[in-house]
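J.: File data39.pdb follows (PDB, C-alpha atoms):
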ATOM      1  CA  MET A   1       0.000   0.000   0.000
ATOM      2  CA  ILE A   2       1.363   3.404  -0.953
ATOM      3  CA  ALA A   3      -1.457   5.662   0.282
ATOM      4  CA  VAL A   4      -5.017   5.910   1.531
ATOM      5  CA  ILE A   5      -7.273   8.412  -0.217
ATOM      6  CA  ASP A   6     -10.826   8.992   1.008
ATOM      7  CA  GLY A   7     -10.699   5.643   2.807
ATOM      8  CA  ILE A   8      -9.564   3.691  -0.265
ATOM      9  CA  GLN A   9      -6.233   1.896  -0.080
ATOM     10  CA  ILE A  10      -3.989   2.729  -3.017
ATOM     11  CA  ALA A  11      -1.407   0.151  -4.105
ATOM     12  CA  SER A  12       0.997  -0.417  -6.960
ATOM     13  CA  ILE A  13       2.844  -3.548  -7.956
ATOM     14  CA  ARG A  14       5.238  -1.391  -9.959
ATOM     15  CA  LYS A  15       8.497  -0.177  -8.422
ATOM     16  CA  ASP A  16       8.210   3.387  -9.667
ATOM     17  CA  HIS A  17       4.778   4.603  -8.689
ATOM     18  CA  ALA A  18       5.405   8.341  -8.188
ATOM     19  CA  ASP A  19       3.533   9.383 -11.370
ATOM     20  CA  PHE A  20       0.634   7.061 -10.546
ATOM     21  CA  LEU A  21       0.300   8.387  -7.007
ATOM     22  CA  ARG A  22       0.466  12.028  -8.105
ATOM     23  CA  VAL A  23      -2.121  11.477 -10.864
ATOM     24  CA  ILE A  24      -4.473   9.414  -8.684
ATOM     25  CA  ARG A  25      -4.416  12.163  -6.018
ATOM     26  CA  ARG A  26      -5.220  14.745  -8.684
ATOM     27  CA  SER A  27      -7.994  12.497 -10.037
ATOM     28  CA  PHE A  28      -9.582  12.406  -6.595
ATOM     29  CA  ASP A  29      -9.274  16.208  -6.376
ATOM     30  CA  LEU A  30     -11.147  16.529  -9.694
ATOM     31  CA  LEU A  31     -13.860  14.162  -8.498
ATOM     32  CA  ARG A  32     -14.141  15.908  -5.125
ATOM     33  CA  GLU A  33     -14.454  19.330  -6.735
ATOM     34  CA  HIS A  34     -16.591  18.540  -9.787
ATOM     35  CA  ASP A  35     -18.607  15.406  -8.986
ATOM     36  CA  PRO A  36     -18.836  14.467  -5.290
ATOM     37  CA  LYS A  37     -21.759  12.122  -6.010
ATOM     38  CA  ARG A  38     -19.658   9.927  -8.279
ATOM     39  CA  LEU A  39     -16.730  10.125  -5.849
ATOM     40  CA  LYS A  40     -19.047   8.745  -3.171
ATOM     41  CA  ARG A  41     -19.925   5.892  -5.546
ATOM     42  CA  ILE A  42     -16.245   5.075  -6.021
ATOM     43  CA  CYS A  43     -15.726   5.045  -2.251
ATOM     44  CA  SER A  44     -18.738   2.764  -1.747
ATOM     45  CA  THR A  45     -17.667   0.198  -4.345
ATOM     46  CA  ALA A  46     -13.887  -0.094  -3.939
ATOM     47  CA  ASN A  47     -11.674  -0.874  -0.961
ATOM     48  CA  TRP A  48      -8.574  -0.847  -3.158
ATOM     49  CA  ILE A  49      -7.254   0.879  -6.266
ATOM     50  CA  VAL A  50      -4.284  -1.057  -7.625
ATOM     51  CA  ASN A  51      -1.841  -0.036 -10.345
ATOM     52  CA  CYS A  52      -0.891  -3.202 -12.244
ATOM     53  CA  SER A  53      -0.461  -4.585 -15.743
ATOM     54  CA  LEU A  54      -3.699  -5.621 -17.440
ATOM     55  CA  ASP A  55      -4.257  -7.580 -20.630
ATOM     56  CA  SER A  56      -6.257  -4.620 -21.968
ATOM     57  CA  GLY A  57      -3.139  -2.406 -21.962
ATOM     58  CA  ALA A  58      -2.083   1.050 -20.858
ATOM     59  CA  MET A  59      -4.682   3.347 -19.321
ATOM     60  CA  SER A  60      -7.270   0.590 -19.002
ATOM     61  CA  GLY A  61      -9.168  -0.565 -15.946
ATOM     62  CA  GLN A  62     -11.022  -3.479 -14.450
ATOM     63  CA  TYR A  63     -13.449  -3.897 -11.564
ATOM     64  CA  ARG A  64     -13.176  -6.884  -9.238
ATOM     65  CA  GLY A  65     -16.289  -7.440  -7.166
ATOM     66  CA  GLN A  66     -14.992 -10.380  -5.118
ATOM     67  CA  ASP A  67     -12.477  -8.155  -3.306
ATOM     68  CA  PRO A  68     -13.980  -4.785  -4.129
ATOM     69  CA  SER A  69     -11.163  -3.215  -6.080
ATOM     70  CA  ILE A  70     -10.421  -1.222  -9.188
ATOM     71  CA  LEU A  71      -7.350  -2.260 -11.146
ATOM     72  CA  ILE A  72      -5.690   0.333 -13.372
ATOM     73  CA  ASP A  73      -2.904  -0.170 -15.876
ATOM     74  CA  PHE A  74      -1.461   3.312 -15.454
ATOM     75  CA  GLU A  75       1.297   4.689 -17.602
ATOM     76  CA  MET A  76       2.312   8.300 -18.067
ATOM     77  CA  LEU A  77       2.175   8.559 -21.866
ATOM     78  CA  GLU A  78       3.637  11.742 -23.317
ATOM     79  CA  GLU A  79       1.502  11.460 -26.460
ATOM     80  CA  PHE A  80      -1.628  11.186 -24.294
ATOM     81  CA  GLY A  81      -1.205  14.660 -22.839
ATOM     82  CA  ASP A  82      -0.126  16.446 -19.695
ATOM     83  CA  GLU A  83      -0.748  15.454 -16.088
ATOM     84  CA  LEU A  84      -4.193  17.088 -16.012
ATOM     85  CA  VAL A  85      -5.307  15.047 -19.035
ATOM     86  CA  HIS A  86      -4.062  11.861 -17.352
ATOM     87  CA  ALA A  87      -5.832  12.810 -14.102
ATOM     88  CA  GLY A  88      -9.094  13.527 -15.922
ATOM     89  CA  TYR A  89      -8.901  10.238 -17.764
ATOM     90  CA  VAL A  90      -8.061   8.247 -14.617
ATOM     91  CA  ALA A  91     -10.931   9.933 -12.751
ATOM     92  CA  ALA A  92     -13.274   8.959 -15.604
ATOM     93  CA  LEU A  93     -11.872   5.423 -15.511
ATOM     94  CA  LEU A  94     -12.641   5.273 -11.775
ATOM     95  CA  VAL A  95     -16.208   6.416 -12.513
ATOM     96  CA  HIS A  96     -16.532   3.759 -15.232
ATOM     97  CA  GLU A  97     -15.205   0.925 -13.063
ATOM     98  CA  SER A  98     -17.183   1.973  -9.984
ATOM     99  CA  THR A  99     -20.327   1.842 -12.125
ATOM    100  CA  HIS A 100     -19.465  -1.818 -12.721
ATOM    101  CA  GLY A 101     -19.267  -1.997  -8.926
ATOM    102  CA  ILE A 102     -22.794  -0.634  -8.529
ATOM    103  CA  LEU A 103     -24.077  -3.201 -11.038
ATOM    104  CA  TRP A 104     -22.175  -5.943  -9.150
ATOM    105  CA  LYS A 105     -23.712  -4.837  -5.831
ATOM    106  CA  ARG A 106     -27.159  -5.020  -7.430
ATOM    107  CA  GLY A 107     -26.516  -8.625  -8.449
ATOM    108  CA  ILE A 108     -25.967  -7.913 -12.134
ATOM    109  CA  ARG A 109     -23.023 -10.101 -13.078
ATOM    110  CA  TYR A 110     -20.808  -9.342 -16.048
ATOM    111  CA  ASP A 111     -21.462 -12.151 -18.493
ATOM    112  CA  GLU A 112     -22.265 -12.752 -22.137
ATOM    113  CA  ASP A 113     -25.895 -11.691 -21.655
ATOM    114  CA  THR A 114     -25.193  -8.453 -19.756
ATOM    115  CA  ARG A 115     -21.795  -7.210 -20.895
ATOM    116  CA  VAL A 116     -22.862  -4.964 -23.795
ATOM    117  CA  GLN A 117     -25.507  -3.198 -21.716
ATOM    118  CA  SER A 118     -23.114  -2.997 -18.735
ATOM    119  CA  GLU A 119     -20.432  -1.308 -20.820
ATOM    120  CA  ARG A 120     -23.010   1.034 -22.373
ATOM    121  CA  ILE A 121     -24.105   2.150 -18.886
ATOM    122  CA  CYS A 122     -20.506   2.523 -17.667
ATOM    123  CA  MET A 123     -19.452   4.539 -20.732
ATOM    124  CA  ALA A 124     -22.460   6.833 -20.314
ATOM    125  CA  GLU A 125     -21.517   7.508 -16.674
ATOM    126  CA  GLN A 126     -17.891   8.072 -17.657
ATOM    127  CA  ASN A 127     -18.910  10.593 -20.320
ATOM    128  CA  ARG A 128     -21.337  12.380 -17.971
ATOM    129  CA  PHE A 129     -18.478  12.908 -15.548
ATOM    130  CA  LEU A 130     -16.119  14.069 -18.296
ATOM    131  CA  ALA A 131     -18.645  16.696 -19.435
ATOM    132  CA  ARG A 132     -18.123  18.370 -16.041
ATOM    133  CA  LEU A 133     -14.380  18.789 -16.654
ATOM    134  CA  ASN A 134     -14.750  21.386 -19.397
ATOM    135  CA  VAL A 135     -14.728  24.073 -16.670
ATOM    136  CA  VAL A 136     -11.259  22.935 -15.542
ATOM    137  CA  ARG A 137      -9.744  23.530 -18.958
ATOM    138  CA  ASP A 138     -11.700  24.433 -22.059
ATOM    139  CA  GLY A 139     -12.436  21.235 -23.979
ATOM    140  CA  LEU A 140     -10.752  18.882 -21.482
ATOM    141  CA  GLY A 141     -13.803  16.700 -20.853
ATOM    142  CA  ILE A 142     -14.965  16.705 -24.451
ATOM    143  CA  SER A 143     -11.509  15.642 -25.657
ATOM    144  CA  LEU A 144     -11.623  12.559 -23.404
ATOM    145  CA  GLN A 145     -15.205  11.481 -24.083
ATOM    146  CA  GLU A 146     -15.627   8.296 -26.068
ATOM    147  CA  GLU A 147     -18.473   7.019 -28.184
ATOM    148  CA  PHE A 148     -19.755   3.636 -27.057
ATOM    149  CA  GLN A 149     -18.528   0.959 -29.463
ATOM    150  CA  PRO A 150     -19.062  -2.581 -28.151
ATOM    151  CA  GLU A 151     -16.535  -4.043 -30.590
ATOM    152  CA  ARG A 152     -13.849  -2.283 -28.528
ATOM    153  CA  TRP A 153     -14.215  -5.085 -25.967
ATOM    154  CA  ASN A 154     -14.389  -8.005 -28.459
ATOM    155  CA  GLU A 155     -10.795  -9.114 -27.916
ATOM    156  CA  SER A 156     -11.215  -9.149 -24.148
ATOM    157  CA  TRP A 157     -14.549 -10.945 -24.390
ATOM    158  CA  THR A 158     -13.184 -13.711 -26.616
ATOM    159  CA  MET A 159      -9.775 -14.373 -25.010
ATOM    160  CA  SER A 160      -9.321 -17.318 -22.689
ATOM    161  CA  ASP A 161      -8.057 -16.739 -19.147
ATOM    162  CA  TRP A 162      -4.708 -18.177 -20.230
ATOM    163  CA  GLN A 163      -4.479 -15.722 -23.152
ATOM    164  CA  LYS A 164      -5.341 -12.834 -20.822
ATOM    165  CA  LEU A 165      -2.632 -13.888 -18.375
ATOM    166  CA  LYS A 166      -0.039 -14.152 -21.163
ATOM    167  CA  LYS A 167      -0.992 -10.723 -22.471
ATOM    168  CA  ALA A 168      -0.798  -9.147 -18.993
ATOM    169  CA  ILE A 169       2.657 -10.661 -18.432
ATOM    170  CA  GLN A 170       3.784  -9.405 -21.843
ATOM    171  CA  ARG A 171       2.425  -5.955 -20.960
ATOM    172  CA  MET A 172       4.329  -5.991 -17.652
ATOM    173  CA  SER A 173       7.557  -6.939 -19.417
ATOM    174  CA  GLU A 174       7.149  -4.178 -22.031
ATOM    175  CA  PHE A 175       6.406  -1.615 -19.320
ATOM    176  CA  GLU A 176       9.528  -2.566 -17.348
ATOM    177  CA  LYS A 177      11.701  -2.340 -20.480
ATOM    178  CA  ARG A 178      10.388   1.179 -21.176
ATOM    179  CA  GLN A 179      11.019   2.193 -17.565
ATOM    180  CA  LYS A 180      14.629   0.977 -17.764
ATOM    181  CA  ALA A 181      15.175   2.750 -21.089
ATOM    182  CA  ASP A 182      13.709   5.997 -19.707
ATOM    183  CA  SER A 183      15.948   5.917 -16.632
ATOM    184  CA  ALA A 184      19.115   5.123 -18.615
TER     185      ALA A 184
END
Rewrite the coordinates I just gave you, this time as structure tokens.
T.:
Amino acid sequence: MIAVIDGIQIASIRKDHADFLRVIRRSFDLLREHDPKRLKRICSTANWIVNCSLDSGAMSGQYRGQDPSILIDFEMLEEFGDELVHAGYVAALLVHESTHGILWKRGIRYDEDTRVQSERICMAEQNRFLARLNVVRDGLGISLQEEFQPERWNESWTMSDWQKLKKAIQRMSEFEKRQKADSA
């Protein structure tokens, strides 16, 4: 554990977590200032936020209902934008994943029958939050909003657990190589 923010334990399995911690703190500040209702939802659905490698790649997330947690594959990507852009995106990701948490708490499991509608709901909540960020910087929220496209999740929905594990390990290896190259 590297911090506790609003009662949520923050952890990172990565050695260098300074960028993650700074951005996650700023994400919480954005939520606190611009959408306290959705911040409350995050706090009610997650005991942990963990920075780790995911099969879905950089700047992706995942909700785990069994041990209420939000997993984030955080990486500070220069081409993505500055720290505020990263913080806005991570805050929106927390909104998205906590919406999965609300569905989980209501007994709606993420399966083949519910996944398209679940993602549609989560994307709508994410975009509603992002619309509030335009007051922080002109166009910030709009630039991060995404149109719902279910095919975006097709690879994840069709991969076996073994394939997902292999991809996450590959992602972790690539991340570590980039970190070493950046520090050299």
J.: Go through the shown structure with the PyMOL selection byres ((chain A and resi 96-110) around 12) and write out the matching residues as a ChimeraX atom specification.
T.: /A:37-49,60-72,89-95,111-130,145-146,157
J.: Kindly resolve the PyMOL selection byres ((chain A and resi 132) around 10) on the present coordinates and return the residues as a VMD selection string.
T.: chain A and resid 30 to 31 34 to 35 127 to 131 133 to 136 140 to 142
J.: To one decimal place in Å, what is the distance between CA of Asp161 in chain A and CA of Glu75 in chain A?
T.: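 CA of Glu75 in chain A lies at a distance of 23.4 Å from CA of Asp161 in chain A.
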J.: Give me, please, the distance in Å between CA of Gly81 in chain A and CA of Met59 in chain A, quoted to one decimal.
T.: 12.3 Å
J.: Please define a box with edges along x, y and z of the file around all atoms of range 56-65 of chain A given in the file, extend it by 6 Å on each side, and return its centre and edge lengths in Å to one decimal, as AutoDock Vina command-line options.
T.:
--center_x -9.2 --center_y -2.0 --center_z -14.6 --size_x 26.2 --size_y 22.8 --size_z 26.8
J.: State, in Å with one decimal place, the distance from CA of Asp19 in chain A to CA of His86 in chain A.
T.: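 Spanning CA of Asp19 in chain A to CA of His86 in chain A is a straight-line distance of 10.0 Å.
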J.: With a distance cut-off of 10 Å and all atoms listed in the file, select the neighbouring residues of Ile13 in chain A, excluding the residue or stretch itself and same-chain residues fewer than 4 positions from it, and output the selection as a list of chain:residue names.
T.: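 After dropping sequence-adjacent residues, the list is A:Met1, A:Ile2, A:His17, A:Val50, A:Asn51, A:Cys52, A:Ser53.
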